[in-house]
Amino acid sequence: MAEFYNLSEVARLLKVSPLTVRRWVQEGKLRALHPKGTRLYRIPEDALREFVGEEWFAQIATEAAQMKQEAPKRRGRSPTLETCRCFLR
């Protein structure tokens with residue numbers, strides 16, 4: 001099964017703005033899927049590999065794996081009273 005990335009994931013991996021990635025897609029430099037009726041873009045792994053080249057992709061793939069492992073930790077946290085200063089007033 002093919003791996004897909006969204007605009008923000010590609011931007012984080014390439015250290016550019018998500019708007020830059022969107023512009024590359026709109027200019028046809030980076031191939032992406034755009035489901036009708038949505039604002040979402042999905043970039044296939046092979047399109048990203050073609051865009052950055054094999055050497056860079058090997059480095060990016062390891063960063064992507066680390067990012068995907070860390071993602072549940074970031075999303076799973078809920079704010080506590082200590083982190084939300086608005087409750088301490």
# chains A, B, ... in the order shown; residues from 1 in each chain; ligands from 1
>>> residues_around(residues="Leu30 of chain A", least_positions_apart="5", cutoff="7 Å", atoms="only C-alpha atoms", output="number ranges by chain")
A: 24-25, 47, 51
>>> write_last_selection(atoms="C-alpha atoms", output="PDB file, in the first residue's frame")
ATOM      1  CA  TRP A  24       4.682  23.511  -6.114  1.00  0.00           C
ATOM      2  CA  VAL A  25       1.584  21.329  -6.491  1.00  0.00           C
ATOM      3  CA  ALA A  47       5.934  11.669  -6.148  1.00  0.00           C
ATOM      4  CA  PHE A  51      10.673  15.512  -6.553  1.00  0.00           C
TER       5      PHE A  51
END
>>> residues_around(residues="segment 60-62 of chain A", least_positions_apart="5", cutoff="10 Å", atoms="only C-alpha atoms", output="list of chain:residue names")
A:Val10, A:Leu13, A:Leu14, A:Glu45, A:Leu48, A:Arg49, A:Val52, A:Glu54, A:Glu55, A:Met67
>>> closest_residue(among="A:Gln59, A:Pro35, A:Tyr41, A:Ala2", to="Leu19 of chain A", atoms="only C-alpha atoms")
A:Tyr41
>>> atom_distance(atom1="atom CA of Arg23 of chain A", atom2="atom CA of Ala58 of chain A")
23.9 Å
>>> residues_around(residues="Thr20 of chain A", least_positions_apart="6", cutoff="12 Å", atoms="only C-alpha atoms", output="JSON, numbers by chain")
{"A": [7, 8, 10, 11, 12, 14, 26, 27, 29, 30]}
>>> atom_distance(atom1="atom CA of Val16 of chain A", atom2="atom CA of Ala64 of chain A")
14.8 Å
>>> closest_residue(among="A:Asn6, A:Ala65, A:Leu33, A:Glu50", to="Val21 of chain A", atoms="only C-alpha atoms")
A:Asn6
>>> closest_residue(among="A:Phe4, A:Ser17, A:Trp56, A:Glu9", to="Ala32 of chain A", atoms="only C-alpha atoms")
A:Phe4
